[in-house]
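The file start_33.txt contains compact mmCIF, C-alpha atoms:
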```txt
# COMPACT_ATOMS: atom_id res chain seq x y z
CA MET O 174 -3.93 25.58 9.94
CA SER O 175 -0.76 23.64 10.77
CA ASN O 176 2.14 23.12 8.40
CA PRO O 177 1.62 19.33 7.95
CA ILE O 178 -1.88 19.99 6.59
CA LEU O 179 -0.68 22.73 4.23
CA LYS O 180 2.10 20.49 2.96
CA LEU O 181 -0.23 17.56 2.30
CA ILE O 182 -2.80 19.81 0.60
CA ALA O 183 -0.10 21.28 -1.66
CA GLN O 184 1.05 17.75 -2.53
CA ARG O 185 -2.50 16.69 -3.42
CA ILE O 186 -3.00 19.74 -5.64
CA ALA O 187 0.31 19.19 -7.42
CA LEU O 188 -0.48 15.50 -7.90
CA GLY O 189 -3.92 16.37 -9.29
CA LEU O 190 -2.46 18.81 -11.82
CA LEU O 191 0.20 16.29 -12.86
CA LEU O 192 -2.46 13.61 -13.27
CA LEU O 193 -4.60 15.95 -15.38
CA LEU O 194 -1.61 16.63 -17.63
CA ALA O 195 -1.06 12.88 -18.07
CA VAL O 196 -4.76 12.39 -18.85
CA SER O 197 -4.58 15.14 -21.49
CA VAL O 198 -1.81 13.18 -23.23
CA LEU O 199 -3.92 10.01 -23.15
CA ILE O 200 -7.00 11.83 -24.47
CA PHE O 201 -5.04 13.36 -27.33
CA ALA O 202 -3.34 10.06 -28.18
CA GLY O 203 -6.65 8.19 -28.03
CA THR O 204 -8.36 10.57 -30.44
CA GLN O 205 -5.45 10.33 -32.88
CA ILE O 206 -5.74 6.55 -33.22
CA LEU O 207 -9.49 6.60 -33.89
CA PRO O 208 -10.30 4.85 -37.18
CA GLY O 209 -11.25 6.92 -40.21
CA ASP O 210 -10.10 10.18 -41.72
CA VAL O 211 -11.20 13.51 -40.25
CA ALA O 212 -10.94 15.29 -43.59
CA GLN O 213 -12.94 12.55 -45.31
CA SER O 214 -15.68 12.71 -42.67
CA ILE O 215 -15.97 16.49 -43.18
CA LEU O 216 -15.93 16.60 -46.98
CA GLY O 217 -17.71 13.30 -47.61
CA GLN O 218 -16.91 10.34 -49.83
CA SER O 219 -17.12 12.38 -53.03
CA ALA O 220 -14.22 14.67 -52.10
CA THR O 221 -11.27 14.78 -54.45
CA PRO O 222 -7.75 13.84 -53.24
CA GLN O 223 -6.62 17.43 -53.70
CA ALA O 224 -9.48 18.78 -51.62
CA LEU O 225 -8.69 16.27 -48.87
CA ALA O 226 -5.00 17.22 -48.97
CA ASN O 227 -5.82 20.92 -48.77
CA LEU O 228 -8.15 20.41 -45.81
CA ARG O 229 -5.60 18.28 -43.93
CA GLU O 230 -3.04 21.04 -44.46
CA SER O 231 -5.41 23.78 -43.26
CA LEU O 232 -6.34 21.76 -40.16
CA GLY O 233 -2.68 21.09 -39.36
CA LEU O 234 -3.16 17.33 -39.62
CA ASN O 235 0.13 16.97 -41.48
CA ASP O 236 2.12 18.33 -38.52
CA PRO O 237 3.84 15.86 -36.16
CA ALA O 238 1.67 14.58 -33.31
CA TYR O 239 3.71 16.33 -30.58
CA VAL O 240 3.35 19.68 -32.39
CA ARG O 241 -0.43 19.25 -32.59
CA TYR O 242 -0.59 18.21 -28.93
CA PHE O 243 1.28 21.25 -27.63
CA ARG O 244 -0.74 23.53 -29.93
CA TRP O 245 -3.94 22.04 -28.51
CA LEU O 246 -2.68 22.20 -24.90
CA GLY O 247 -1.60 25.81 -25.35
CA GLY O 248 -5.06 26.69 -26.63
CA VAL O 249 -6.72 24.95 -23.67
CA LEU O 250 -4.51 26.80 -21.17
CA SER O 251 -5.46 30.10 -22.80
CA GLY O 252 -9.18 29.22 -22.72
CA ASP O 253 -9.46 28.29 -26.41
CA LEU O 254 -10.95 24.81 -26.80
CA GLY O 255 -10.88 25.06 -30.59
CA THR O 256 -13.57 24.93 -33.26
CA ALA O 257 -15.91 22.03 -33.98
CA LEU O 258 -15.04 20.49 -37.33
CA SER O 259 -18.61 19.47 -38.15
CA SER O 260 -20.36 22.78 -37.40
CA ARG O 261 -17.46 25.29 -37.33
CA GLN O 262 -18.83 26.59 -34.02
CA ASP O 263 -16.64 27.67 -31.13
CA ILE O 264 -16.45 24.66 -28.79
CA ALA O 265 -16.21 26.71 -25.58
CA ALA O 266 -19.39 28.61 -26.46
CA ALA O 267 -21.25 25.42 -27.42
CA ILE O 268 -20.12 23.58 -24.28
CA GLY O 269 -21.16 26.41 -21.93
CA GLY O 270 -24.88 25.71 -22.13
CA ARG O 271 -24.39 21.95 -22.23
CA LEU O 272 -22.21 21.99 -19.12
CA LYS O 273 -24.78 24.13 -17.31
CA ASN O 274 -27.49 21.57 -18.13
CA THR O 275 -25.34 18.65 -16.94
CA LEU O 276 -24.45 20.43 -13.70
CA PHE O 277 -28.13 21.27 -13.13
CA LEU O 278 -29.10 17.62 -13.53
CA ALA O 279 -26.23 16.39 -11.33
CA PHE O 280 -26.99 19.00 -8.67
CA TRP O 281 -30.58 17.87 -8.13
CA ALA O 282 -29.60 14.21 -8.21
CA ALA O 283 -26.98 14.96 -5.52
CA ILE O 284 -29.42 17.02 -3.42
CA VAL O 285 -31.65 13.94 -3.17
CA SER O 286 -29.14 11.09 -3.13
CA VAL O 287 -26.48 12.31 -0.66
CA PRO O 288 -28.72 13.09 2.39
CA LEU O 289 -30.89 10.04 1.66
CA ALA O 290 -27.86 7.73 1.40
CA ILE O 291 -26.44 8.98 4.70
CA LEU O 292 -29.82 8.70 6.44
CA LEU O 293 -30.36 5.15 5.17
CA GLY O 294 -26.81 4.23 6.20
CA LEU O 295 -27.45 5.53 9.72
CA LEU O 296 -30.75 3.63 9.93
CA ALA O 297 -29.08 0.44 8.71
CA VAL O 298 -26.44 0.73 11.44
CA ARG O 299 -29.00 1.60 14.12
CA TYR O 300 -31.07 -1.49 13.29
CA ARG O 301 -28.19 -3.65 12.09
CA ASN O 302 -29.00 -7.31 11.49
CA GLY O 303 -32.67 -6.48 11.91
CA PHE O 304 -35.47 -6.25 9.38
CA ILE O 305 -34.81 -2.60 8.47
CA ASP O 306 -31.09 -3.23 7.91
CA LYS O 307 -31.76 -6.30 5.77
CA ALA O 308 -34.47 -4.53 3.76
CA ILE O 309 -32.27 -1.49 3.07
CA SER O 310 -29.24 -3.65 2.22
CA GLY O 311 -31.34 -5.91 -0.02
CA LEU O 312 -32.79 -2.99 -1.96
CA ALA O 313 -29.34 -1.45 -2.26
CA LEU O 314 -27.88 -4.68 -3.61
CA ALA O 315 -30.72 -4.99 -6.12
CA SER O 316 -30.25 -1.39 -7.23
CA THR O 317 -26.49 -1.88 -7.64
CA SER O 318 -27.06 -4.99 -9.76
CA LEU O 319 -29.17 -3.14 -12.33
CA PRO O 320 -27.26 -1.31 -15.09
CA GLU O 321 -28.12 2.37 -15.42
CA PHE O 322 -29.56 2.06 -18.93
CA PHE O 323 -31.99 -0.59 -17.66
CA VAL O 324 -33.06 1.67 -14.79
CA GLY O 325 -33.57 4.50 -17.26
CA TYR O 326 -35.71 2.43 -19.61
CA LEU O 327 -37.81 1.13 -16.72
CA LEU O 328 -38.52 4.68 -15.61
CA VAL O 329 -39.43 5.69 -19.18
CA TYR O 330 -41.77 2.72 -19.59
CA PHE O 331 -43.69 3.19 -16.35
CA PHE O 332 -43.66 6.97 -15.76
CA ALA O 333 -43.64 8.25 -19.35
CA VAL O 334 -45.33 5.57 -21.47
CA LYS O 335 -47.68 3.68 -19.16
CA TRP O 336 -48.71 6.28 -16.57
CA GLN O 337 -47.73 9.41 -18.56
CA ILE O 338 -46.69 11.36 -15.46
CA PHE O 339 -43.37 12.72 -16.71
CA PRO O 340 -42.01 13.29 -20.23
CA GLY O 341 -39.84 10.52 -21.69
CA ILE O 342 -37.68 13.06 -23.54
CA SER O 343 -36.04 15.61 -21.25
CA THR O 344 -36.08 18.76 -23.35
CA VAL O 345 -34.79 21.89 -21.61
CA TYR O 346 -33.96 25.32 -23.00
CA ASP O 347 -32.83 28.75 -21.85
CA GLY O 348 -35.58 30.72 -20.15
CA MET O 349 -37.60 27.59 -19.38
CA PRO O 350 -39.77 28.02 -16.23
CA PHE O 351 -38.22 26.36 -13.18
CA LEU O 352 -41.10 23.97 -12.48
CA GLU O 353 -41.24 22.84 -16.11
CA ARG O 354 -37.47 22.27 -16.06
CA MET O 355 -37.77 20.22 -12.87
CA LYS O 356 -40.51 18.12 -14.45
CA ALA O 357 -38.35 17.59 -17.53
CA ILE O 358 -35.38 16.32 -15.50
CA ALA O 359 -37.44 14.26 -13.05
CA LEU O 360 -36.77 10.91 -14.74
CA PRO O 361 -33.05 11.33 -15.55
CA ALA O 362 -32.42 12.75 -12.06
CA THR O 363 -34.25 9.79 -10.51
CA ALA O 364 -32.23 7.36 -12.59
CA LEU O 365 -28.95 8.98 -11.50
CA THR O 366 -30.11 9.01 -7.88
CA LEU O 367 -30.90 5.29 -7.93
CA VAL O 368 -27.54 4.53 -9.55
CA VAL O 369 -25.41 6.27 -6.88
CA LEU O 370 -27.69 5.96 -3.83
CA ALA O 371 -27.00 2.29 -3.11
CA HIS O 372 -23.23 2.60 -3.27
CA MET O 373 -23.12 5.64 -0.98
CA MET O 374 -25.50 4.01 1.50
CA ARG O 375 -23.49 0.77 1.70
CA MET O 376 -20.20 2.62 2.13
CA THR O 377 -21.71 4.85 4.83
CA ARG O 378 -22.96 1.78 6.67
CA ALA O 379 -19.58 0.04 6.38
CA ALA O 380 -17.64 3.11 7.57
CA ILE O 381 -19.85 3.60 10.64
CA LEU O 382 -19.83 -0.10 11.53
CA ASN O 383 -16.03 -0.04 11.39
CA VAL O 384 -15.96 2.84 13.89
CA MET O 385 -18.53 1.09 16.11
CA GLN O 386 -15.88 -1.49 17.04
CA SER O 387 -13.70 1.16 18.73
CA ALA O 388 -13.08 1.30 22.44
CA TYR O 389 -14.65 4.75 22.93
CA ILE O 390 -17.92 3.40 21.54
CA GLU O 391 -17.96 0.79 24.31
CA THR O 392 -17.31 3.58 26.81
CA ALA O 393 -20.28 5.53 25.43
CA GLU O 394 -22.45 2.43 25.73
CA LEU O 395 -21.37 1.96 29.36
CA LYS O 396 -22.38 5.56 30.07
CA GLY O 397 -25.93 4.62 29.11
CA LEU O 398 -26.24 6.65 25.91
CA SER O 399 -28.96 5.56 23.50
CA PRO O 400 -27.83 3.63 20.39
CA PHE O 401 -28.85 6.45 18.06
CA ASP O 402 -26.99 9.07 20.16
CA ILE O 403 -23.88 6.89 20.07
CA ILE O 404 -24.08 6.67 16.29
CA ARG O 405 -24.91 10.35 15.79
CA LYS O 406 -22.50 11.91 18.31
CA HIS O 407 -19.57 9.48 18.34
CA ALA O 408 -19.53 7.04 15.41
CA PHE O 409 -20.68 9.26 12.53
CA PRO O 410 -18.25 12.20 13.17
CA ASN O 411 -15.31 9.78 13.30
CA ALA O 412 -16.41 8.03 10.10
CA ILE O 413 -16.81 11.27 8.18
CA ALA O 414 -13.53 11.01 6.22
CA PRO O 415 -14.35 7.78 4.31
CA ILE O 416 -17.95 8.97 3.88
CA ILE O 417 -16.71 12.23 2.30
CA ASN O 418 -14.52 10.21 -0.04
CA VAL O 419 -17.34 8.01 -1.27
CA VAL O 420 -19.72 10.99 -1.60
CA MET O 421 -17.17 12.89 -3.71
CA LEU O 422 -16.55 9.85 -5.90
CA ASN O 423 -20.25 9.52 -6.55
CA LEU O 424 -20.63 13.26 -7.19
CA ALA O 425 -17.90 12.89 -9.79
CA PHE O 426 -19.85 10.02 -11.32
CA LEU O 427 -23.01 12.14 -11.40
CA ILE O 428 -21.22 14.61 -13.68
CA VAL O 429 -18.88 12.32 -15.63
CA GLY O 430 -21.09 9.25 -15.81
CA VAL O 431 -24.20 10.95 -17.18
CA VAL O 432 -23.45 9.95 -20.78
CA VAL O 433 -25.76 6.91 -20.84
CA ILE O 434 -28.58 8.67 -18.96
CA GLU O 435 -28.42 11.75 -21.19
CA VAL O 436 -28.54 9.60 -24.32
CA ILE O 437 -31.54 7.62 -23.03
CA PHE O 438 -33.54 10.75 -22.18
CA VAL O 439 -32.13 12.85 -25.09
CA TYR O 440 -31.05 15.42 -22.51
CA PRO O 441 -29.02 18.31 -23.99
CA GLY O 442 -26.00 17.96 -21.73
CA MET O 443 -22.32 17.19 -22.08
CA GLY O 444 -22.83 13.45 -22.50
CA GLN O 445 -25.26 13.82 -25.39
CA TYR O 446 -22.95 16.41 -26.97
CA LEU O 447 -20.02 13.99 -26.71
CA VAL O 448 -21.89 11.06 -28.25
CA ASP O 449 -23.18 13.19 -31.14
CA HIS O 450 -19.67 14.32 -32.06
CA VAL O 451 -18.02 10.93 -31.58
CA ALA O 452 -20.35 9.68 -34.32
CA LYS O 453 -19.17 12.57 -36.54
CA ARG O 454 -15.52 11.93 -35.60
CA ASP O 455 -15.25 15.53 -34.49
CA VAL O 456 -11.90 15.18 -32.73
CA PRO O 457 -11.62 18.70 -31.17
CA VAL O 458 -15.01 18.31 -29.48
CA VAL O 459 -14.17 14.82 -28.17
CA GLN O 460 -10.86 16.13 -26.81
CA ALA O 461 -12.47 19.15 -25.13
CA VAL O 462 -15.33 17.22 -23.52
CA GLY O 463 -13.01 14.40 -22.43
CA LEU O 464 -10.63 16.88 -20.80
CA ILE O 465 -13.48 18.67 -18.99
CA PHE O 466 -14.82 15.36 -17.67
CA ALA O 467 -11.32 14.39 -16.53
CA ALA O 468 -10.80 17.77 -14.82
CA VAL O 469 -14.11 17.45 -12.94
CA TYR O 470 -13.37 13.88 -11.85
CA ILE O 471 -9.81 14.64 -10.73
CA GLY O 472 -10.90 17.90 -9.08
CA LEU O 473 -13.62 16.27 -6.98
CA ASN O 474 -11.27 13.45 -5.97
CA MET O 475 -8.73 16.09 -4.95
CA VAL O 476 -11.39 17.84 -2.86
CA ALA O 477 -12.21 14.49 -1.21
CA ASP O 478 -8.53 13.92 -0.37
CA ILE O 479 -8.16 17.42 1.06
CA ALA O 480 -11.37 17.07 3.11
CA ALA O 481 -10.13 13.75 4.49
CA ILE O 482 -6.80 15.40 5.43
CA VAL O 483 -8.54 18.30 7.19
CA ALA O 484 -10.90 15.89 8.97
CA ASN O 485 -7.96 13.89 10.36
CA PRO O 486 -7.57 14.91 14.04
CA ARG O 487 -3.96 13.68 14.12
CA LEU O 488 -3.07 16.30 11.50
CA ARG O 489 -5.23 19.06 12.99
CA HIS O 490 -3.65 18.57 16.42
CA PRO O 491 -0.06 17.41 15.86
CA LYS O 492 1.98 16.52 18.95
```
Would you kindly transcribe this structure into structure tokens?
Amino acid sequence: MSNPILKLIAQRIALGLLLLLAVSVLIFAGTQILPGDVAQSILGQSATPQALANLRESLGLNDPAYVRYFRWLGGVLSGDLGTALSSRQDIAAAIGGRLKNTLFLAFWAAIVSVPLAILLGLLAVRYRNGFIDKAISGLALASTSLPEFFVGYLLVYFFAVKWQIFPGISTVYDGMPFLERMKAIALPATALTLVVLAHMMRMTRAAILNVMQSAYIETAELKGLSPFDIIRKHAFPNAIAPIINVVMLNLAFLIVGVVVIEVIFVYPGMGQYLVDHVAKRDVPVVQAVGLIFAAVYIGLNMVADIAAIVANPRLRHPK
């Protein structure tokens, strides 16, 4: 691999780490300005002033904000995400199973949505301005216009309540048989697929159409190649960089943006865990989950940037 590529990759990694550090500051600052009193929420309204003061002192809430931030950051860097205030459980241990459930849901949504989005994008380009292109684009526009909670409730109404094909509450647990787990996540995975499918398909179509205006495409047409061969062999490989970017962005959304879907289907993932502890004003949990979501989002965007760099022929074959 040439030096320009290594240099750009190192720059992207350094920028990603710097951005994650900045996001950690914002997350910590945001949780500190939340209304209410952490000690009061733990002990209840009947707590005495002395008990509240003692708890604040034991939790380190009386320390300056910068001291608490660096103490929290040091714990994160050493693998200690802290202890949940509401349950006194270790956050890292509690998040482990939740993160596994969220990744499982996002994985199956991605397995369906990514190949389908690329296939529909290729079909839309092959039959551009025709009935198939207009039908695919129209359905994509309609899907994009619907908010994810509305899509989720529609799926619950028809497939869980009216037809009773799939469960409306996605309960999963350790040791659950694979087929039962797949049936449990069918509706939330479908909702996530519909949310990201349209955007990926439209961006795939736009990226390939942009390449189709190039001179070498005209040369391929003059050689007598079929339209689908031109798209598959010449247009699609040269449009792969922007397609990778949009796929990675939507994969990040599948993991980070599952909060609404998990709440609708009561799915025991990271999003549901976050919402439950925001209601309890459990600041350490909110900080830990927020930082994990930020790390996943920044990490996948960094992977997209690096993939786009590696896919750039001008960097792979410098003059």
Which of O:Ile284, O:Leu181, O:Met385, O:Leu447 sits closest to Ile465 of chain O [using all atoms listed in the file]: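 Residue with the minimum atom-to-atom distance to Ile465 of chain O: O:Leu447.
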Separation of atom CA of Arg229 of chain O and atom CA of Phe466 of chain O, in Å?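 We find that atom CA of Arg229 of chain O and atom CA of Phe466 of chain O lie 28.0 Å from each other.
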Residues within 7 Å of segment 198-209 of chain O, please, as a list in words. Count only C-alpha atoms; anything in the same chain fewer than 4 positions from it doesn't count.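 Near segment 198-209 of chain O, the qualifying residues are Leu194, Tyr242, Val456, Gln460 and Gly463 of chain O.
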Residue nearest Leu328 of chain O among O:Ala393, O:Leu192, O:Ile437, O:Ala308 (counting all atoms listed in the file):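 Answer, going by the shortest atom-to-atom distance: O:Ile437.
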Counting only C-alpha atoms, what is within 12 Å of Val324 of chain O, bar same-chain residues fewer than 2 positions away, as number ranges by chain? O: 315-322, 326-332, 360-369, 433-434, 437-438
With C-alpha atoms retained, write the just-selected residues as a compact mmCIF listing (two decimals), in the frame of the given file.
```
# COMPACT_ATOMS: atom_id res chain seq x y z
CA ALA O 315 -30.72 -4.99 -6.12
CA SER O 316 -30.25 -1.39 -7.23
CA THR O 317 -26.49 -1.88 -7.64
CA SER O 318 -27.06 -4.99 -9.76
CA LEU O 319 -29.17 -3.14 -12.33
CA PRO O 320 -27.26 -1.31 -15.09
CA GLU O 321 -28.12 2.37 -15.42
CA PHE O 322 -29.56 2.06 -18.93
CA TYR O 326 -35.71 2.43 -19.61
CA LEU O 327 -37.81 1.13 -16.72
CA LEU O 328 -38.52 4.68 -15.61
CA VAL O 329 -39.43 5.69 -19.18
CA TYR O 330 -41.77 2.72 -19.59
CA PHE O 331 -43.69 3.19 -16.35
CA PHE O 332 -43.66 6.97 -15.76
CA LEU O 360 -36.77 10.91 -14.74
CA PRO O 361 -33.05 11.33 -15.55
CA ALA O 362 -32.42 12.75 -12.06
CA THR O 363 -34.25 9.79 -10.51
CA ALA O 364 -32.23 7.36 -12.59
CA LEU O 365 -28.95 8.98 -11.50
CA THR O 366 -30.11 9.01 -7.88
CA LEU O 367 -30.90 5.29 -7.93
CA VAL O 368 -27.54 4.53 -9.55
CA VAL O 369 -25.41 6.27 -6.88
CA VAL O 433 -25.76 6.91 -20.84
CA ILE O 434 -28.58 8.67 -18.96
CA ILE O 437 -31.54 7.62 -23.03
CA PHE O 438 -33.54 10.75 -22.18
```
Would you kindly return, as a list in words, each protein, DNA or RNA residue with an atom no farther than 10 Å from any atom of Met376 of chain O, considering only C-alpha atoms and excluding same-chain residues fewer than 5 positions away?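 With the cut-off at 10 Å, the set is Ala290, Ile291, Gly294, Ala371, Ile381, Leu382, Pro415, Ile416, Asn418, Val419 and Val420 of chain O.
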Would you pick out the contacts of Ile471 of chain O at 12 Å or less, using only C-alpha atoms, so that residues sharing its chain but fewer than 4 positions from it are not included, and give the list as an mmCIF file with C-alpha atoms, in the frame of the given file?
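Saved as selection_28.cif:
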```cif
data_model
loop_
_atom_site.group_PDB
_atom_site.id
_atom_site.type_symbol
_atom_site.label_atom_id
_atom_site.label_comp_id
_atom_site.auth_asym_id
_atom_site.auth_seq_id
_atom_site.Cartn_x
_atom_site.Cartn_y
_atom_site.Cartn_z
ATOM 1 C CA ARG O 185 -2.500 16.690 -3.420
ATOM 2 C CA ILE O 186 -3.000 19.740 -5.640
ATOM 3 C CA ALA O 187 0.310 19.190 -7.420
ATOM 4 C CA LEU O 188 -0.480 15.500 -7.900
ATOM 5 C CA GLY O 189 -3.920 16.370 -9.290
ATOM 6 C CA LEU O 190 -2.460 18.810 -11.820
ATOM 7 C CA LEU O 191 0.200 16.290 -12.860
ATOM 8 C CA LEU O 192 -2.460 13.610 -13.270
ATOM 9 C CA LEU O 193 -4.600 15.950 -15.380
ATOM 10 C CA LEU O 194 -1.610 16.630 -17.630
ATOM 11 C CA ALA O 195 -1.060 12.880 -18.070
ATOM 12 C CA VAL O 196 -4.760 12.390 -18.850
ATOM 13 C CA SER O 197 -4.580 15.140 -21.490
ATOM 14 C CA MET O 421 -17.170 12.890 -3.710
ATOM 15 C CA LEU O 422 -16.550 9.850 -5.900
ATOM 16 C CA LEU O 424 -20.630 13.260 -7.190
ATOM 17 C CA ALA O 425 -17.900 12.890 -9.790
ATOM 18 C CA PHE O 426 -19.850 10.020 -11.320
ATOM 19 C CA ILE O 428 -21.220 14.610 -13.680
ATOM 20 C CA VAL O 429 -18.880 12.320 -15.630
ATOM 21 C CA LEU O 464 -10.630 16.880 -20.800
ATOM 22 C CA ILE O 465 -13.480 18.670 -18.990
ATOM 23 C CA PHE O 466 -14.820 15.360 -17.670
ATOM 24 C CA ALA O 467 -11.320 14.390 -16.530
ATOM 25 C CA MET O 475 -8.730 16.090 -4.950
ATOM 26 C CA VAL O 476 -11.390 17.840 -2.860
ATOM 27 C CA ALA O 477 -12.210 14.490 -1.210
ATOM 28 C CA ASP O 478 -8.530 13.920 -0.370
#
```
Between O:Val436, O:Phe277, O:Ala266, O:Ser260, which one has atoms that come closest to Gly341 of chain O, using all atoms listed in the file? O:Val436
Given only C-alpha atoms, how would the per-residue table for segment 178-287 of chain O near segment 344-351 of chain O read, listing every residue at most 12 Å away with its closest atom pair and distance in Å to one decimal, sorted by chain and number, as a Markdown table?
```
| residue | atom | partner | partner_atom | distance |
| --- | --- | --- | --- | --- |
| O:Gly269 | CA | O:Asp347 | CA | 11.9 |
| O:Gly270 | CA | O:Asp347 | CA | 8.5 |
| O:Arg271 | CA | O:Tyr346 | CA | 10.2 |
| O:Lys273 | CA | O:Asp347 | CA | 10.3 |
| O:Asn274 | CA | O:Val345 | CA | 8.1 |
| O:Thr275 | CA | O:Val345 | CA | 11.0 |
| O:Phe277 | CA | O:Val345 | CA | 10.8 |
| O:Leu278 | CA | O:Val345 | CA | 10.8 |
```
